[in-house]
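Everything on this sheet refers to the single structure shown next.
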Amino acid sequence: EEREKRWGAAIGAAFIVMVCTLMGVVFLAPVFAKLQSEHESLVTVLASAFAAGALLAAAFYLMLYEATHLIAITDDRTEAEASAWWGSATLLGFVSPFLLESIISFIVGKAKPEERKDPEAANESPTPSRSRKVRVLSGVLLGDFLHNLVDGFFIGAAFANCDTSMAWTITAATVYHELAQEISDYLVLTNKDQGDLKPFMALGLNFLSGMSVLFGVCIVLSAEPSNFSTGCLLAYGAGVYLQIAATECMPRVHEFATTLNLRLSGFLLFVIGATAIGLVLLDHEHCGGEGGGDGHGH
């Protein structure tokens, strides 16, 4: 019965993340479309700073520390080996988005700006060619599919062997960064110079690519991971979160926060995002499941 509850909760968490892919629908409302167009810097700073705070808090307060308990020192695993597994999984997670982007760029090619052949059209936006649209759409949607699959892996790992509060906190951190990411994806997909899709088509394709989070959750829960495997997945997930926060979210904050008020607003949202995740420490228990004999050897 307990395992059935975990399956239900994990699938529910996956669906919540999937719903985030439909966040672009808010821009169909005139008030939000106007807000985005007139206050782009404010919206970007607040969303990105909040996501960065939540992701870094999830990585440092929960995932990295918990992974050290799960990748434990045993009779068959020395301290050096446990440290190597923990560090390698984290570093692999950190470089995974970069490697993923490189692979996608190699497969679909890098979209180049279209050249204007008519001098009289100098003041007009160039119409993207079919090949460029395909490259942009493939890059965004394939990248989103694989990123969500990875998100599903460590959400599934958390629900498999960790307490419910931690599993839902990791889900919340995923949702926070997905909200900002999916809005960005939607704007790229509907931009006339990039994806050039109709709003409902963009939302539909984004939702389909986001379904991979459900696949990831089901794959991990079906595998019934041991404590060691869960620890490696959590360390890997923390590395991914560190990369997203440090190289995607915070750079956007630095780029758009050009005034003191925007910087202070960004700092405030960063603190709120981190605090929202950190509060789970008030009622947190260590992960544990199959392979409980690994123990907490650190």
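Residues in the structure tokens are numbered from 1 in each chain, the chains being A, B, ... in the order shown, and ligands are numbered from 1 in the order shown.
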
Per residue of range 22-100 of chain A within 8 Å of range 226-236 of chain A, which atom pair is closest and at what distance in Å (one decimal), using only C-alpha atoms, listed by chain and increasing number, as JSON lines?
```
{"residue": "A:Met63", "atom": "CA", "partner": "A:Leu234", "partner_atom": "CA", "distance": 5.5}
{"residue": "A:Leu64", "atom": "CA", "partner": "A:Ala235", "partner_atom": "CA", "distance": 5.4}
{"residue": "A:Glu66", "atom": "CA", "partner": "A:Gly231", "partner_atom": "CA", "distance": 7.2}
{"residue": "A:Ala67", "atom": "CA", "partner": "A:Gly231", "partner_atom": "CA", "distance": 4.2}
{"residue": "A:Thr68", "atom": "CA", "partner": "A:Gly231", "partner_atom": "CA", "distance": 7.1}
{"residue": "A:His69", "atom": "CA", "partner": "A:Gly231", "partner_atom": "CA", "distance": 7.6}
{"residue": "A:Leu70", "atom": "CA", "partner": "A:Gly231", "partner_atom": "CA", "distance": 4.8}
{"residue": "A:Ile71", "atom": "CA", "partner": "A:Phe228", "partner_atom": "CA", "distance": 4.9}
{"residue": "A:Ala72", "atom": "CA", "partner": "A:Phe228", "partner_atom": "CA", "distance": 7.4}
{"residue": "A:Trp85", "atom": "CA", "partner": "A:Cys232", "partner_atom": "CA", "distance": 7.1}
{"residue": "A:Trp86", "atom": "CA", "partner": "A:Ala235", "partner_atom": "CA", "distance": 6.3}
{"residue": "A:Gly87", "atom": "CA", "partner": "A:Ala235", "partner_atom": "CA", "distance": 7.8}
{"residue": "A:Ala89", "atom": "CA", "partner": "A:Tyr236", "partner_atom": "CA", "distance": 4.7}
{"residue": "A:Thr90", "atom": "CA", "partner": "A:Tyr236", "partner_atom": "CA", "distance": 4.6}
{"residue": "A:Leu91", "atom": "CA", "partner": "A:Tyr236", "partner_atom": "CA", "distance": 7.3}
{"residue": "A:Leu92", "atom": "CA", "partner": "A:Tyr236", "partner_atom": "CA", "distance": 6.4}
{"residue": "A:Gly93", "atom": "CA", "partner": "A:Tyr236", "partner_atom": "CA", "distance": 4.4}
{"residue": "A:Phe94", "atom": "CA", "partner": "A:Tyr236", "partner_atom": "CA", "distance": 7.6}
```

Residues from last step as file, N, CA and C atoms, as a CSV table (one decimal), in the first residue's frame:
```csv
chain,number,residue,atom,x,y,z
A,63,MET,N,19.7,18.1,-1.4
A,63,MET,CA,20.2,17.1,-2.3
A,63,MET,C,21.6,16.7,-2.1
A,64,LEU,N,22.5,17.6,-2.0
A,64,LEU,CA,24.0,17.3,-1.9
A,64,LEU,C,24.2,16.7,-0.5
A,66,GLU,N,22.1,15.1,1.5
A,66,GLU,CA,21.4,13.8,1.6
A,66,GLU,C,22.2,12.8,0.8
A,67,ALA,N,22.7,13.2,-0.3
A,67,ALA,CA,23.5,12.2,-1.1
A,67,ALA,C,24.7,11.6,-0.4
A,68,THR,N,25.3,12.5,0.5
A,68,THR,CA,26.5,12.0,1.2
A,68,THR,C,26.1,10.9,2.2
A,69,HIS,N,24.8,10.9,2.7
A,69,HIS,CA,24.4,9.8,3.6
A,69,HIS,C,24.0,8.5,2.8
A,70,LEU,N,23.5,8.7,1.6
A,70,LEU,CA,23.1,7.5,0.8
A,70,LEU,C,24.3,6.9,0.1
A,71,ILE,N,25.3,7.7,-0.3
A,71,ILE,CA,26.5,7.1,-0.9
A,71,ILE,C,27.4,6.8,0.3
A,72,ALA,N,27.1,5.9,1.1
A,72,ALA,CA,27.8,5.7,2.4
A,72,ALA,C,29.1,4.9,2.3
A,85,TRP,N,32.4,8.9,-6.0
A,85,TRP,CA,31.1,8.7,-6.6
A,85,TRP,C,30.2,10.0,-6.4
A,86,TRP,N,30.2,10.5,-5.2
A,86,TRP,CA,29.4,11.7,-4.9
A,86,TRP,C,29.9,12.9,-5.7
A,87,GLY,N,31.2,13.1,-5.7
A,87,GLY,CA,31.7,14.3,-6.5
A,87,GLY,C,31.6,14.1,-8.0
A,89,ALA,N,29.3,12.3,-9.6
A,89,ALA,CA,27.9,12.4,-10.0
A,89,ALA,C,27.5,13.9,-10.0
A,90,THR,N,27.9,14.7,-9.0
A,90,THR,CA,27.6,16.1,-9.0
A,90,THR,C,28.2,16.9,-10.2
A,91,LEU,N,29.5,16.6,-10.5
A,91,LEU,CA,30.1,17.3,-11.6
A,91,LEU,C,29.5,16.9,-12.9
A,92,LEU,N,29.1,15.6,-13.0
A,92,LEU,CA,28.5,15.1,-14.3
A,92,LEU,C,27.1,15.9,-14.5
A,93,GLY,N,26.4,16.0,-13.4
A,93,GLY,CA,25.2,16.8,-13.4
A,93,GLY,C,25.4,18.2,-13.9
A,94,PHE,N,26.5,18.8,-13.4
A,94,PHE,CA,26.8,20.2,-13.7
A,94,PHE,C,27.1,20.4,-15.2
```

Can you tell me, as a list in words, what residues are no more than 10 Å from Thr275 in chain A when counting only C-alpha atoms, ignoring any on the same chain fewer than 6 positions away?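 In the requested format, the answer is Gly53, Ala54, Ala57 and Leu269 of chain A.
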
With all heavy atoms kept, could you save the residues just selected as a compact mmCIF listing (two decimals), in the first residue's frame?
```
# COMPACT_ATOMS: atom_id res chain seq x y z
N GLY A 53 17.31 31.13 -6.41
CA GLY A 53 17.32 30.90 -4.97
C GLY A 53 16.76 29.54 -4.60
O GLY A 53 17.31 28.82 -3.75
N ALA A 54 15.66 29.16 -5.24
CA ALA A 54 15.04 27.86 -4.95
C ALA A 54 15.94 26.71 -5.37
O ALA A 54 16.09 25.72 -4.64
CB ALA A 54 13.69 27.77 -5.66
N ALA A 57 19.07 26.46 -3.07
CA ALA A 57 18.67 25.97 -1.74
C ALA A 57 18.38 24.47 -1.78
O ALA A 57 18.79 23.72 -0.89
CB ALA A 57 17.45 26.74 -1.25
N LEU A 269 13.77 38.47 -4.12
CA LEU A 269 13.15 37.25 -4.66
C LEU A 269 14.07 36.05 -4.53
O LEU A 269 13.61 34.92 -4.34
CB LEU A 269 12.76 37.48 -6.12
CG LEU A 269 11.30 37.92 -6.37
CD1 LEU A 269 10.34 36.80 -6.03
CD2 LEU A 269 10.96 39.16 -5.54
```

Atom pair CA of Gly278 in chain A + CA of Arg263 in chain A, distance 22.3 Å

What does the distance between CA of Leu281 in chain A and CA of Ile155 in chain A come to in Å, to one decimal place?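 Answer for the CA of Leu281 in chain A to CA of Ile155 in chain A separation: 18.0 Å.
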
Skipping near chain neighbours, those fewer than 4 positions away, what residues fall within 12 Å of Leu279 in chain A using only C-alpha atoms, listed as number ranges by chain? A: 54, 57-58, 61-62, 165-166, 169, 271-275, 283-284

May I have the selected residues written with all heavy atoms, as an mmCIF file, in the first residue's frame?
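Result file selection30.cif:
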```cif
data_model
loop_
_atom_site.group_PDB
_atom_site.id
_atom_site.type_symbol
_atom_site.label_atom_id
_atom_site.label_comp_id
_atom_site.auth_asym_id
_atom_site.auth_seq_id
_atom_site.Cartn_x
_atom_site.Cartn_y
_atom_site.Cartn_z
ATOM 1 N N ALA A 54 15.661 29.160 -5.242
ATOM 2 C CA ALA A 54 15.037 27.864 -4.954
ATOM 3 C C ALA A 54 15.937 26.705 -5.369
ATOM 4 O O ALA A 54 16.093 25.723 -4.636
ATOM 5 C CB ALA A 54 13.690 27.771 -5.661
ATOM 6 N N ALA A 57 19.067 26.460 -3.069
ATOM 7 C CA ALA A 57 18.671 25.971 -1.743
ATOM 8 C C ALA A 57 18.384 24.473 -1.785
ATOM 9 O O ALA A 57 18.787 23.723 -0.890
ATOM 10 C CB ALA A 57 17.448 26.738 -1.248
ATOM 11 N N ALA A 58 17.685 24.022 -2.820
ATOM 12 C CA ALA A 58 17.393 22.594 -2.942
ATOM 13 C C ALA A 58 18.686 21.793 -3.061
ATOM 14 O O ALA A 58 18.819 20.712 -2.476
ATOM 15 C CB ALA A 58 16.502 22.345 -4.157
ATOM 16 N N TYR A 61 20.849 22.690 0.643
ATOM 17 C CA TYR A 61 20.174 22.328 1.885
ATOM 18 C C TYR A 61 19.773 20.861 1.925
ATOM 19 O O TYR A 61 19.726 20.255 2.995
ATOM 20 C CB TYR A 61 18.911 23.173 2.077
ATOM 21 C CG TYR A 61 19.145 24.618 2.411
ATOM 22 C CD1 TYR A 61 18.144 25.565 2.190
ATOM 23 C CD2 TYR A 61 20.348 25.066 2.949
ATOM 24 C CE1 TYR A 61 18.332 26.912 2.498
ATOM 25 C CE2 TYR A 61 20.550 26.394 3.254
ATOM 26 C CZ TYR A 61 19.544 27.316 3.022
ATOM 27 O OH TYR A 61 19.740 28.637 3.332
ATOM 28 N N LEU A 62 19.445 20.292 0.758
ATOM 29 C CA LEU A 62 18.846 18.967 0.745
ATOM 30 C C LEU A 62 19.623 17.929 -0.053
ATOM 31 O O LEU A 62 20.120 16.948 0.493
ATOM 32 C CB LEU A 62 17.416 19.056 0.197
ATOM 33 C CG LEU A 62 16.428 19.886 1.014
ATOM 34 C CD1 LEU A 62 15.123 20.056 0.247
ATOM 35 C CD2 LEU A 62 16.172 19.233 2.361
ATOM 36 N N SER A 165 8.228 15.003 2.469
ATOM 37 C CA SER A 165 8.480 16.447 2.429
ATOM 38 C C SER A 165 9.633 16.779 1.503
ATOM 39 O O SER A 165 9.581 17.757 0.747
ATOM 40 C CB SER A 165 8.766 16.981 3.839
ATOM 41 O OG SER A 165 9.954 16.408 4.368
ATOM 42 N N MET A 166 10.693 15.953 1.526
ATOM 43 C CA MET A 166 11.823 16.222 0.650
ATOM 44 C C MET A 166 11.442 15.995 -0.809
ATOM 45 O O MET A 166 11.837 16.760 -1.699
ATOM 46 C CB MET A 166 13.011 15.347 1.016
ATOM 47 C CG MET A 166 14.213 15.581 0.093
ATOM 48 S SD MET A 166 15.700 14.729 0.624
ATOM 49 C CE MET A 166 16.809 15.143 -0.724
ATOM 50 N N THR A 169 9.517 18.853 -1.989
ATOM 51 C CA THR A 169 10.362 20.051 -2.070
ATOM 52 C C THR A 169 11.186 20.043 -3.346
ATOM 53 O O THR A 169 11.343 21.079 -4.017
ATOM 54 C CB THR A 169 11.299 20.129 -0.841
ATOM 55 O OG1 THR A 169 10.510 20.183 0.347
ATOM 56 C CG2 THR A 169 12.177 21.370 -0.911
ATOM 57 N N VAL A 271 16.125 35.545 -2.006
ATOM 58 C CA VAL A 271 15.984 35.142 -0.604
ATOM 59 C C VAL A 271 14.662 34.411 -0.379
ATOM 60 O O VAL A 271 14.602 33.392 0.310
ATOM 61 C CB VAL A 271 16.080 36.377 0.320
ATOM 62 C CG1 VAL A 271 15.726 35.993 1.757
ATOM 63 C CG2 VAL A 271 17.480 36.972 0.261
ATOM 64 N N ILE A 272 13.580 34.925 -0.978
ATOM 65 C CA ILE A 272 12.268 34.278 -0.831
ATOM 66 C C ILE A 272 12.299 32.872 -1.428
ATOM 67 O O ILE A 272 11.778 31.917 -0.837
ATOM 68 C CB ILE A 272 11.170 35.124 -1.505
ATOM 69 C CG1 ILE A 272 10.976 36.436 -0.743
ATOM 70 C CG2 ILE A 272 9.854 34.346 -1.577
ATOM 71 C CD1 ILE A 272 10.012 37.401 -1.413
ATOM 72 N N GLY A 273 12.921 32.725 -2.607
ATOM 73 C CA GLY A 273 13.017 31.415 -3.239
ATOM 74 C C GLY A 273 13.796 30.427 -2.392
ATOM 75 O O GLY A 273 13.397 29.266 -2.228
ATOM 76 N N ALA A 274 14.929 30.893 -1.830
ATOM 77 C CA ALA A 274 15.751 30.019 -0.989
ATOM 78 C C ALA A 274 15.028 29.668 0.309
ATOM 79 O O ALA A 274 15.071 28.520 0.778
ATOM 80 C CB ALA A 274 17.085 30.696 -0.686
ATOM 81 N N THR A 275 14.345 30.644 0.888
ATOM 82 C CA THR A 275 13.625 30.414 2.148
ATOM 83 C C THR A 275 12.478 29.428 1.950
ATOM 84 O O THR A 275 12.226 28.564 2.799
ATOM 85 C CB THR A 275 13.073 31.736 2.695
ATOM 86 O OG1 THR A 275 14.149 32.658 2.885
ATOM 87 C CG2 THR A 275 12.359 31.516 4.017
ATOM 88 N N ASP A 283 11.156 20.095 9.208
ATOM 89 C CA ASP A 283 10.507 18.782 9.378
ATOM 90 C C ASP A 283 11.073 17.818 8.345
ATOM 91 O O ASP A 283 10.363 17.307 7.489
ATOM 92 C CB ASP A 283 8.992 18.921 9.211
ATOM 93 C CG ASP A 283 8.272 17.596 9.466
ATOM 94 O OD1 ASP A 283 8.799 16.796 10.256
ATOM 95 O OD2 ASP A 283 7.213 17.362 8.848
ATOM 96 N N HIS A 284 12.382 17.568 8.459
ATOM 97 C CA HIS A 284 13.055 16.759 7.441
ATOM 98 C C HIS A 284 13.632 15.490 8.047
ATOM 99 O O HIS A 284 14.229 15.518 9.127
ATOM 100 C CB HIS A 284 14.181 17.570 6.788
ATOM 101 C CG HIS A 284 15.037 16.754 5.875
ATOM 102 N ND1 HIS A 284 14.547 16.114 4.758
ATOM 103 C CD2 HIS A 284 16.363 16.452 5.924
ATOM 104 C CE1 HIS A 284 15.529 15.472 4.154
ATOM 105 N NE2 HIS A 284 16.634 15.656 4.845
#
```

Extract the full set of alpha helix (DSSP H) residues from range 45-280 of chain A according to DSSP on the backbone, and format it as a PyMOL selection string. chain A and resi 45-57+64-70+79-108+130-161+164-190+199-210+212-223+227-244+250-256+260-278

Given only C-alpha atoms as the basis, pick out the residue of A:Ala202, A:Cys249, A:Cys162, A:Val17 nearest to Gly266 in chain A. A:Cys249

Can you work out which one of A:Glu255, A:Asp144, A:Glu178, A:Asp185 has the shortest atom-to-atom distance to Ser212 in chain A, counting only C-alpha atoms?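 Looking only at the distances to Ser212 in chain A, the closest residue turns out to be A:Asp144.
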
Between CA of Leu203 in chain A and CA of Leu22 in chain A, distance in Å (one decimal):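 Calculated distance between CA of Leu203 in chain A and CA of Leu22 in chain A is 5.8 Å.
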